[in-house]
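Visitor: Next comes the structure file final12.pdb, holding PDB, C-alpha atoms, pLDDT in the B column.
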```
ATOM      1  CA  MET A 192     144.701   2.737   3.292  1.00 70.00           C
ATOM      2  CA  ARG A 193     143.622   6.293   3.392  1.00 83.00           C
ATOM      3  CA  SER A 194     140.142   7.301   4.510  1.00 79.00           C
ATOM      4  CA  GLY A 195     139.342   8.524   0.958  1.00 81.00           C
ATOM      5  CA  GLN A 196     140.132   5.120  -0.505  1.00 86.00           C
ATOM      6  CA  ILE A 197     137.999   3.394   2.092  1.00 84.00           C
ATOM      7  CA  LEU A 198     135.125   5.771   1.328  1.00 86.00           C
ATOM      8  CA  VAL A 199     135.375   5.123  -2.428  1.00 86.00           C
ATOM      9  CA  ILE A 200     135.527   1.339  -1.909  1.00 84.00           C
ATOM     10  CA  GLY A 201     132.466   1.565   0.368  1.00 85.00           C
ATOM     11  CA  ILE A 202     130.502   3.619  -2.176  1.00 89.00           C
ATOM     12  CA  VAL A 203     131.398   1.246  -5.031  1.00 89.00           C
ATOM     13  CA  ALA A 204     130.496  -1.827  -2.935  1.00 87.00           C
ATOM     14  CA  ALA A 205     127.167  -0.315  -1.828  1.00 90.00           C
ATOM     15  CA  THR A 206     126.344   0.646  -5.438  1.00 92.00           C
ATOM     16  CA  ALA A 207     127.180  -2.857  -6.692  1.00 90.00           C
ATOM     17  CA  MET A 208     125.024  -4.473  -3.980  1.00 89.00           C
ATOM     18  CA  PHE A 209     122.134  -2.102  -4.730  1.00 92.00           C
ATOM     19  CA  GLY A 210     122.408  -2.808  -8.472  1.00 87.00           C
ATOM     20  CA  ALA A 211     122.461  -6.570  -7.860  1.00 80.00           C
ATOM     21  CA  GLY A 212     119.383  -6.254  -5.635  1.00 81.00           C
ATOM     22  CA  VAL A 213     117.455  -4.257  -8.247  1.00 82.00           C
ATOM     23  CA  TRP A 214     118.435  -6.717 -10.991  1.00 77.00           C
ATOM     24  CA  TYR A 215     117.334  -9.689  -8.866  1.00 76.00           C
ATOM     25  CA  THR A 216     113.949  -8.206  -7.935  1.00 72.00           C
ATOM     26  CA  GLN A 217     113.187  -7.221 -11.527  1.00 69.00           C
ATOM     27  CA  THR A 218     114.218 -10.460 -13.202  1.00 70.00           C
ATOM     28  CA  ARG A 219     113.735 -13.265 -10.657  1.00 65.00           C
ATOM     29  CA  ALA A 220     112.344 -12.447  -7.215  1.00 68.00           C
ATOM     30  CA  TRP A 221     108.638 -12.076  -7.913  1.00 76.00           C
ATOM     31  CA  TYR A 222     108.157 -14.799 -10.508  1.00 83.00           C
ATOM     32  CA  VAL A 223     106.588 -18.135  -9.646  1.00 85.00           C
ATOM     33  CA  GLN A 224     106.812 -21.249 -11.777  1.00 87.00           C
ATOM     34  CA  LEU A 225     103.403 -22.448 -12.961  1.00 90.00           C
ATOM     35  CA  GLU A 226     102.799 -26.174 -13.180  1.00 84.00           C
ATOM     36  CA  ASP A 227     100.047 -27.433 -15.448  1.00 81.00           C
ATOM     37  CA  ALA A 228      98.064 -24.178 -15.378  1.00 84.00           C
ATOM     38  CA  PRO A 229      95.106 -24.361 -17.756  1.00 91.00           C
ATOM     39  CA  ILE A 230      95.220 -22.652 -21.121  1.00 95.00           C
ATOM     40  CA  VAL A 231      91.699 -21.293 -21.549  1.00 96.00           C
ATOM     41  CA  MET A 232      90.540 -20.060 -24.961  1.00 97.00           C
ATOM     42  CA  THR A 233      87.404 -18.297 -26.185  1.00 97.00           C
ATOM     43  CA  ARG A 234      85.353 -20.142 -28.787  1.00 97.00           C
ATOM     44  CA  HIS A 235      83.595 -18.409 -31.680  1.00 97.00           C
ATOM     45  CA  ASP A 236      80.325 -18.530 -29.684  1.00 96.00           C
ATOM     46  CA  GLY A 237      81.955 -16.574 -26.832  1.00 95.00           C
ATOM     47  CA  GLU A 238      82.158 -19.493 -24.412  1.00 97.00           C
ATOM     48  CA  GLU A 239      85.478 -20.340 -22.815  1.00 97.00           C
ATOM     49  CA  GLU A 240      87.049 -23.784 -23.060  1.00 96.00           C
ATOM     50  CA  ALA A 241      90.165 -25.249 -21.464  1.00 95.00           C
ATOM     51  CA  LEU A 242      92.622 -26.414 -24.095  1.00 94.00           C
ATOM     52  CA  LEU A 243      94.327 -29.752 -23.571  1.00 93.00           C
ATOM     53  CA  VAL A 244      98.093 -29.267 -23.778  1.00 95.00           C
ATOM     54  CA  ASP A 245     101.324 -31.183 -23.342  1.00 93.00           C
ATOM     55  CA  SER A 246     104.743 -29.952 -22.160  1.00 94.00           C
ATOM     56  CA  PHE A 247     103.417 -26.937 -20.255  1.00 95.00           C
ATOM     57  CA  ASP A 248     105.950 -24.474 -18.826  1.00 95.00           C
ATOM     58  CA  GLY A 249     104.794 -21.166 -17.395  1.00 95.00           C
ATOM     59  CA  ILE A 250     105.644 -18.239 -15.134  1.00 95.00           C
ATOM     60  CA  ASP A 251     103.624 -15.473 -13.514  1.00 93.00           C
ATOM     61  CA  ALA A 252     103.938 -12.828 -10.819  1.00 89.00           C
ATOM     62  CA  GLU A 253     101.467 -11.048  -8.575  1.00 87.00           C
ATOM     63  CA  THR A 254     103.316  -7.761  -9.109  1.00 86.00           C
ATOM     64  CA  SER A 255     102.068  -7.276 -12.681  1.00 88.00           C
ATOM     65  CA  PRO A 256      99.623  -9.055 -14.978  1.00 91.00           C
ATOM     66  CA  LEU A 257     102.095  -8.519 -17.837  1.00 91.00           C
ATOM     67  CA  ARG A 258     104.543 -11.015 -16.352  1.00 91.00           C
ATOM     68  CA  TYR A 259     102.517 -14.089 -17.344  1.00 95.00           C
ATOM     69  CA  ARG A 260     104.143 -16.300 -19.997  1.00 96.00           C
ATOM     70  CA  ALA A 261     103.497 -19.883 -21.024  1.00 97.00           C
ATOM     71  CA  CYS A 262     104.935 -22.381 -23.486  1.00 97.00           C
ATOM     72  CA  PHE A 263     103.079 -25.574 -24.393  1.00 97.00           C
ATOM     73  CA  GLU A 264     102.061 -27.979 -27.131  1.00 96.00           C
ATOM     74  CA  PRO A 265      98.311 -28.012 -27.855  1.00 96.00           C
ATOM     75  CA  THR A 266      96.762 -31.395 -28.569  1.00 94.00           C
ATOM     76  CA  MET A 267      94.502 -29.846 -31.264  1.00 94.00           C
ATOM     77  CA  SER A 268      95.798 -29.097 -34.733  1.00 93.00           C
ATOM     78  CA  LEU A 269      96.077 -25.508 -35.943  1.00 93.00           C
ATOM     79  CA  PRO A 270      93.189 -25.938 -38.446  1.00 95.00           C
ATOM     80  CA  THR A 271      90.929 -27.255 -35.657  1.00 95.00           C
ATOM     81  CA  LEU A 272      91.939 -24.371 -33.388  1.00 96.00           C
ATOM     82  CA  THR A 273      91.112 -21.917 -36.182  1.00 96.00           C
ATOM     83  CA  GLU A 274      87.680 -23.474 -36.693  1.00 96.00           C
ATOM     84  CA  THR A 275      86.932 -23.468 -32.949  1.00 97.00           C
ATOM     85  CA  PHE A 276      88.436 -20.352 -31.356  1.00 98.00           C
ATOM     86  CA  GLN A 277      88.293 -16.580 -31.863  1.00 97.00           C
ATOM     87  CA  PRO A 278      91.264 -14.953 -33.580  1.00 97.00           C
ATOM     88  CA  TYR A 279      93.085 -12.142 -31.772  1.00 97.00           C
ATOM     89  CA  GLY A 280      94.752  -9.148 -33.285  1.00 85.00           C
ATOM     90  CA  PRO A 281      96.988  -7.322 -33.127  1.00 92.00           C
ATOM     91  CA  ALA A 282      99.005  -9.648 -30.914  1.00 96.00           C
ATOM     92  CA  THR A 283     102.256  -8.240 -29.576  1.00 95.00           C
ATOM     93  CA  PRO A 284     104.314 -10.597 -27.419  1.00 97.00           C
ATOM     94  CA  LEU A 285     106.387  -8.980 -24.686  1.00 93.00           C
ATOM     95  CA  ASN A 286     109.888 -10.123 -23.756  1.00 93.00           C
ATOM     96  CA  ALA A 287     110.213 -12.724 -21.031  1.00 92.00           C
ATOM     97  CA  PRO A 288     113.089 -12.834 -18.550  1.00 90.00           C
ATOM     98  CA  GLY A 289     116.206 -14.302 -20.126  1.00 88.00           C
ATOM     99  CA  TRP A 290     116.134 -17.348 -17.865  1.00 90.00           C
ATOM    100  CA  PHE A 291     112.675 -18.349 -19.194  1.00 92.00           C
ATOM    101  CA  SER A 292     114.234 -19.577 -22.413  1.00 93.00           C
ATOM    102  CA  CYS A 293     111.253 -21.301 -24.063  1.00 95.00           C
ATOM    103  CA  PHE A 294     109.539 -17.930 -24.739  1.00 97.00           C
ATOM    104  CA  ASP A 295     111.182 -15.859 -27.494  1.00 97.00           C
ATOM    105  CA  ALA A 296     109.040 -12.764 -28.077  1.00 97.00           C
ATOM    106  CA  ASP A 297     110.957 -11.708 -31.199  1.00 97.00           C
ATOM    107  CA  ALA A 298     110.535 -15.120 -32.869  1.00 97.00           C
ATOM    108  CA  ILE A 299     106.844 -15.226 -31.915  1.00 98.00           C
ATOM    109  CA  GLY A 300     106.292 -11.718 -33.298  1.00 97.00           C
ATOM    110  CA  GLU A 301     108.062 -12.586 -36.552  1.00 97.00           C
ATOM    111  CA  ALA A 302     106.001 -15.773 -36.917  1.00 97.00           C
ATOM    112  CA  LEU A 303     102.785 -13.796 -36.399  1.00 97.00           C
ATOM    113  CA  GLU A 304     103.853 -11.292 -39.070  1.00 96.00           C
ATOM    114  CA  SER A 305     104.828 -14.016 -41.555  1.00 96.00           C
ATOM    115  CA  GLY A 306     101.674 -16.054 -40.954  1.00 94.00           C
ATOM    116  CA  SER A 307     103.486 -19.143 -39.654  1.00 96.00           C
ATOM    117  CA  ALA A 308     101.719 -18.608 -36.311  1.00 97.00           C
ATOM    118  CA  LEU A 309      98.180 -17.503 -35.482  1.00 97.00           C
ATOM    119  CA  ALA A 310      96.940 -15.617 -32.423  1.00 98.00           C
ATOM    120  CA  PHE A 311      93.729 -16.471 -30.579  1.00 98.00           C
ATOM    121  CA  LEU A 312      91.801 -14.854 -27.738  1.00 98.00           C
ATOM    122  CA  GLY A 313      92.497 -16.808 -24.609  1.00 97.00           C
ATOM    123  CA  GLN A 314      90.465 -14.851 -22.072  1.00 96.00           C
ATOM    124  CA  GLN A 315      89.286 -11.271 -22.113  1.00 95.00           C
ATOM    125  CA  ASN A 316      89.796  -8.912 -19.147  1.00 94.00           C
ATOM    126  CA  GLN A 317      91.757 -11.382 -17.016  1.00 92.00           C
ATOM    127  CA  PRO A 318      92.337  -9.230 -14.938  1.00 94.00           C
ATOM    128  CA  TYR A 319      90.462  -6.099 -16.029  1.00 95.00           C
ATOM    129  CA  GLY A 320      92.169  -4.365 -18.950  1.00 95.00           C
ATOM    130  CA  PHE A 321      94.307  -7.350 -19.955  1.00 96.00           C
ATOM    131  CA  ASP A 322      93.628 -10.177 -22.390  1.00 97.00           C
ATOM    132  CA  ILE A 323      95.354 -13.527 -22.447  1.00 97.00           C
ATOM    133  CA  VAL A 324      96.661 -14.092 -25.963  1.00 98.00           C
ATOM    134  CA  VAL A 325      97.350 -17.629 -27.170  1.00 98.00           C
ATOM    135  CA  THR A 326      99.555 -18.112 -30.211  1.00 97.00           C
ATOM    136  CA  VAL A 327     100.110 -21.403 -32.000  1.00 97.00           C
ATOM    137  CA  PHE A 328     102.756 -22.042 -34.654  1.00 97.00           C
ATOM    138  CA  ASP A 329     102.084 -24.209 -37.686  1.00 93.00           C
ATOM    139  CA  THR A 330     104.655 -26.599 -36.156  1.00 93.00           C
ATOM    140  CA  GLY A 331     102.331 -27.141 -33.173  1.00 92.00           C
ATOM    141  CA  GLN A 332     104.210 -25.135 -30.544  1.00 96.00           C
ATOM    142  CA  GLY A 333     102.042 -22.784 -28.480  1.00 97.00           C
ATOM    143  CA  TYR A 334     102.653 -19.688 -26.374  1.00 98.00           C
ATOM    144  CA  ALA A 335     100.515 -17.475 -24.148  1.00 98.00           C
ATOM    145  CA  TRP A 336     100.917 -14.068 -22.514  1.00 97.00           C
ATOM    146  CA  ARG A 337      98.836 -11.178 -21.201  1.00 97.00           C
ATOM    147  CA  GLN A 338      98.461  -8.049 -23.276  1.00 96.00           C
ATOM    148  CA  ILE A 339      96.756  -4.781 -22.398  1.00 96.00           C
ATOM    149  CA  ASN A 340      93.498  -4.342 -24.323  1.00 95.00           C
ATOM    150  CA  HIS A 341      91.682  -1.206 -25.549  1.00 94.00           C
ATOM    151  CA  CYS A 342      89.600  -1.030 -22.336  1.00 94.00           C
ATOM    152  CA  GLY A 343      92.727  -1.140 -20.195  1.00 94.00           C
ATOM    153  CA  THR A 344      94.530   1.416 -22.336  1.00 94.00           C
ATOM    154  CA  ALA A 345      91.655   3.878 -21.872  1.00 94.00           C
ATOM    155  CA  ALA A 346      91.009   3.123 -18.187  1.00 92.00           C
ATOM    156  CA  PHE A 347      94.651   3.251 -17.110  1.00 92.00           C
ATOM    157  CA  GLY A 348      95.259   6.351 -19.246  1.00 92.00           C
ATOM    158  CA  GLY A 349      92.368   8.211 -17.602  1.00 91.00           C
ATOM    159  CA  ASP A 350      90.412   8.424 -20.865  1.00 92.00           C
ATOM    160  CA  PRO A 351      86.696   7.675 -21.332  1.00 92.00           C
ATOM    161  CA  LEU A 352      86.008   3.982 -21.867  1.00 92.00           C
ATOM    162  CA  PRO A 353      85.304   2.903 -25.456  1.00 92.00           C
ATOM    163  CA  PRO A 354      81.871   1.453 -26.190  1.00 92.00           C
ATOM    164  CA  GLY A 355      81.469  -2.137 -25.058  1.00 89.00           C
ATOM    165  CA  CYS A 356      83.999  -1.933 -22.224  1.00 91.00           C
ATOM    166  CA  PRO A 357      82.847  -3.046 -18.789  1.00 90.00           C
ATOM    167  CA  GLU A 358      83.285  -0.632 -15.905  1.00 88.00           C
ATOM    168  CA  PRO A 359      86.619  -1.059 -14.117  1.00 87.00           C
ATOM    169  CA  PRO A 360      86.392  -2.748 -10.722  1.00 84.00           C
TER     170      PRO A 360
END
```
Translate this structure into structure tokens?
Guide:
Amino acid sequence: MRSGQILVIGIVAATAMFGAGVWYTQTRAWYVQLEDAPIVMTRHDGEEEALLVDSFDGIDAETSPLRYRACFEPTMSLPTLTETFQPYGPATPLNAPGWFSCFDADAIGEALESGSALAFLGQQNQPYGFDIVVTVFDTGQGYAWRQINHCGTAAFGGDPLPPGCPEPP
């Protein structure tokens, strides 16, 4: 082999290893599997209540609050949830890593638009600037994720805080 060929093979190999490392850290490395983490929702009176659920599956990462996702089956019916907990809008689910197959952001978004799923406020400012959104389908399947709220949008964008927003920590 000539030295030019060896150099090209080395560059291609280093690029492939770097690309594999970036892919791994972005899609798998920082996630942790959550086991039986509570789904907390905000009632109409503003108090928070843990929701009893079955078949919980969840992921999260310390690197970003937006990496939290959960799939579960609430033990309460959708009409009871509607009577008990605060609605949330507009809810916009974010894509989960491909390997977390129970969470399909496109299907959840379509169900919210069609009305076959409803979104509720899980917890507000958990952490600051992010709300936990809980969505339940009329079939009984539930999903949760974190979504940036209006306080976070202003604070992280360097804009003045809207009325009613707590001061950032």
Visitor: Give me, as an mmCIF file with C-alpha atoms, in the frame of the given file, all polymer residues having an atom no more than 12 Å from Phe276 (chain A), counting all atoms listed in the file and skipping those fewer than 3 positions away in the same chain.
Guide:
```cif
data_model
loop_
_atom_site.group_PDB
_atom_site.id
_atom_site.type_symbol
_atom_site.label_atom_id
_atom_site.label_comp_id
_atom_site.auth_asym_id
_atom_site.auth_seq_id
_atom_site.Cartn_x
_atom_site.Cartn_y
_atom_site.Cartn_z
ATOM 1 C CA VAL A 231 91.699 -21.293 -21.549
ATOM 2 C CA MET A 232 90.540 -20.060 -24.961
ATOM 3 C CA THR A 233 87.404 -18.297 -26.185
ATOM 4 C CA ARG A 234 85.353 -20.142 -28.787
ATOM 5 C CA HIS A 235 83.595 -18.409 -31.680
ATOM 6 C CA ASP A 236 80.325 -18.530 -29.684
ATOM 7 C CA GLY A 237 81.955 -16.574 -26.832
ATOM 8 C CA GLU A 238 82.158 -19.493 -24.412
ATOM 9 C CA GLU A 239 85.478 -20.340 -22.815
ATOM 10 C CA GLU A 240 87.049 -23.784 -23.060
ATOM 11 C CA ALA A 241 90.165 -25.249 -21.464
ATOM 12 C CA LEU A 242 92.622 -26.414 -24.095
ATOM 13 C CA MET A 267 94.502 -29.846 -31.264
ATOM 14 C CA SER A 268 95.798 -29.097 -34.733
ATOM 15 C CA LEU A 269 96.077 -25.508 -35.943
ATOM 16 C CA PRO A 270 93.189 -25.938 -38.446
ATOM 17 C CA THR A 271 90.929 -27.255 -35.657
ATOM 18 C CA LEU A 272 91.939 -24.371 -33.388
ATOM 19 C CA THR A 273 91.112 -21.917 -36.182
ATOM 20 C CA TYR A 279 93.085 -12.142 -31.772
ATOM 21 C CA LEU A 309 98.180 -17.503 -35.482
ATOM 22 C CA ALA A 310 96.940 -15.617 -32.423
ATOM 23 C CA PHE A 311 93.729 -16.471 -30.579
ATOM 24 C CA LEU A 312 91.801 -14.854 -27.738
ATOM 25 C CA GLY A 313 92.497 -16.808 -24.609
ATOM 26 C CA GLN A 314 90.465 -14.851 -22.072
ATOM 27 C CA VAL A 324 96.661 -14.092 -25.963
ATOM 28 C CA VAL A 325 97.350 -17.629 -27.170
ATOM 29 C CA THR A 326 99.555 -18.112 -30.211
ATOM 30 C CA VAL A 327 100.110 -21.403 -32.000
#
```
Visitor: Quick one, how far is CA of Glu304 (chain A) from CA of Gln332 (chain A)?
Guide: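 Atom-to-atom, CA of Glu304 (chain A) to CA of Gln332 (chain A), that is 16.3 Å.
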Visitor: Around the point (106.7, -16.8, -35.6) in the file's coordinates, collect all residues with an atom within 12 Å, using all atoms listed in the file, and return them as number ranges by chain.
Guide: A: 282-284, 294-310, 326-334
Visitor: Between A:Leu198, A:Val223, A:Ala335, A:Leu243, which one has atoms that come closest to Asn286 (chain A), using all atoms listed in the file?
Guide: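 Between A:Leu198, A:Val223, A:Ala335, A:Leu243, the residue approaching Asn286 (chain A) most closely is A:Ala335.
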Visitor: At a cut-off of 12 Å, using only C-alpha atoms, what residues contact Ala345 (chain A)? Leave out same-chain residues fewer than 3 positions from it and give the result as a PyMOL selection string.
Guide: chain A and resi 319-321+339-342+348-354+356-359
Visitor: Would you work out the distance separating CA of Ile250 (chain A) from CA of Pro318 (chain A), expressed in Å to one decimal?
Guide: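 Computed distance, CA of Ile250 (chain A) to CA of Pro318 (chain A), equals 16.1 Å.
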Visitor: Could you tell me, as a ChimeraX atom specification, exactly which residues end up selected when the PyMOL selection byres ((chain A and resi 263) around 8) is applied to this structure?
Guide: /A:244-248,261-262,264-265,332-334
Visitor: At what distance in Å, to one decimal, does CA of Ala287 (chain A) lie from CA of Trp221 (chain A)?
Guide: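 According to the coordinates, CA of Trp221 (chain A) and CA of Ala287 (chain A) are separated by 13.2 Å.
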Visitor: Of the candidates A:Thr206, A:Gln338, A:Gln277, A:Thr266, which shows the shortest atom-to-atom distance to Asn316 (chain A), using only C-alpha atoms?
Guide: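 Of A:Thr206, A:Gln338, A:Gln277, A:Thr266, the one nearest Asn316 (chain A) is A:Gln338, counting only C-alpha atoms.
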Visitor: Taking all listed atoms of region 211-218 of chain A, build the axis-aligned box, pad each of the six sides by 8 Å, then write its centre and edge lengths in Å to one decimal as JSON.
Guide:
```
{"center_x": 117.8, "center_y": -7.4, "center_z": -9.4, "size_x": 25.3, "size_y": 22.2, "size_z": 23.6}
```
Visitor: Write out N, CA, C and O atoms for region 336-347 of chain A, as a PDB file, in the frame of the given file.
Guide:
```
ATOM      1  N   TRP A 336     100.479 -15.202 -23.311  1.00 97.00           N
ATOM      2  CA  TRP A 336     100.917 -14.068 -22.514  1.00 97.00           C
ATOM      3  C   TRP A 336      99.725 -13.143 -22.315  1.00 97.00           C
ATOM      4  O   TRP A 336      98.702 -13.283 -22.964  1.00 97.00           O
ATOM      5  N   ARG A 337      99.862 -12.202 -21.389  1.00 97.00           N
ATOM      6  CA  ARG A 337      98.836 -11.178 -21.201  1.00 97.00           C
ATOM      7  C   ARG A 337      99.261  -9.930 -21.948  1.00 97.00           C
ATOM      8  O   ARG A 337     100.433  -9.577 -21.996  1.00 97.00           O
ATOM      9  N   GLN A 338      98.240  -9.263 -22.494  1.00 96.00           N
ATOM     10  CA  GLN A 338      98.461  -8.049 -23.276  1.00 96.00           C
ATOM     11  C   GLN A 338      97.370  -7.053 -22.898  1.00 96.00           C
ATOM     12  O   GLN A 338      96.209  -7.428 -22.769  1.00 96.00           O
ATOM     13  N   ILE A 339      97.752  -5.802 -22.737  1.00 96.00           N
ATOM     14  CA  ILE A 339      96.756  -4.781 -22.398  1.00 96.00           C
ATOM     15  C   ILE A 339      95.789  -4.626 -23.576  1.00 96.00           C
ATOM     16  O   ILE A 339      96.198  -4.669 -24.729  1.00 96.00           O
ATOM     17  N   ASN A 340      94.498  -4.496 -23.264  1.00 95.00           N
ATOM     18  CA  ASN A 340      93.498  -4.342 -24.323  1.00 95.00           C
ATOM     19  C   ASN A 340      93.032  -2.886 -24.408  1.00 95.00           C
ATOM     20  O   ASN A 340      93.502  -2.027 -23.656  1.00 95.00           O
ATOM     21  N   HIS A 341      92.114  -2.590 -25.338  1.00 94.00           N
ATOM     22  CA  HIS A 341      91.682  -1.206 -25.549  1.00 94.00           C
ATOM     23  C   HIS A 341      90.956  -0.646 -24.324  1.00 94.00           C
ATOM     24  O   HIS A 341      91.047   0.548 -24.045  1.00 94.00           O
ATOM     25  N   CYS A 342      90.265  -1.494 -23.564  1.00 94.00           N
ATOM     26  CA  CYS A 342      89.600  -1.030 -22.336  1.00 94.00           C
ATOM     27  C   CYS A 342      90.649  -0.621 -21.299  1.00 94.00           C
ATOM     28  O   CYS A 342      90.523   0.421 -20.653  1.00 94.00           O
ATOM     29  N   GLY A 343      91.667  -1.451 -21.148  1.00 94.00           N
ATOM     30  CA  GLY A 343      92.727  -1.140 -20.195  1.00 94.00           C
ATOM     31  C   GLY A 343      93.520   0.089 -20.584  1.00 94.00           C
ATOM     32  O   GLY A 343      93.866   0.911 -19.733  1.00 94.00           O
ATOM     33  N   THR A 344      93.797   0.244 -21.872  1.00 94.00           N
ATOM     34  CA  THR A 344      94.530   1.416 -22.336  1.00 94.00           C
ATOM     35  C   THR A 344      93.776   2.692 -21.969  1.00 94.00           C
ATOM     36  O   THR A 344      94.361   3.654 -21.469  1.00 94.00           O
ATOM     37  N   ALA A 345      92.467   2.698 -22.199  1.00 94.00           N
ATOM     38  CA  ALA A 345      91.655   3.878 -21.872  1.00 94.00           C
ATOM     39  C   ALA A 345      91.551   4.075 -20.359  1.00 94.00           C
ATOM     40  O   ALA A 345      91.770   5.171 -19.851  1.00 94.00           O
ATOM     41  N   ALA A 346      91.222   3.008 -19.635  1.00 92.00           N
ATOM     42  CA  ALA A 346      91.009   3.123 -18.187  1.00 92.00           C
ATOM     43  C   ALA A 346      92.277   3.550 -17.467  1.00 92.00           C
ATOM     44  O   ALA A 346      92.246   4.444 -16.620  1.00 92.00           O
ATOM     45  N   PHE A 347      93.407   2.940 -17.801  1.00 92.00           N
ATOM     46  CA  PHE A 347      94.651   3.251 -17.110  1.00 92.00           C
ATOM     47  C   PHE A 347      95.237   4.586 -17.564  1.00 92.00           C
ATOM     48  O   PHE A 347      96.042   5.176 -16.870  1.00 92.00           O
TER      49      PHE A 347
END
```
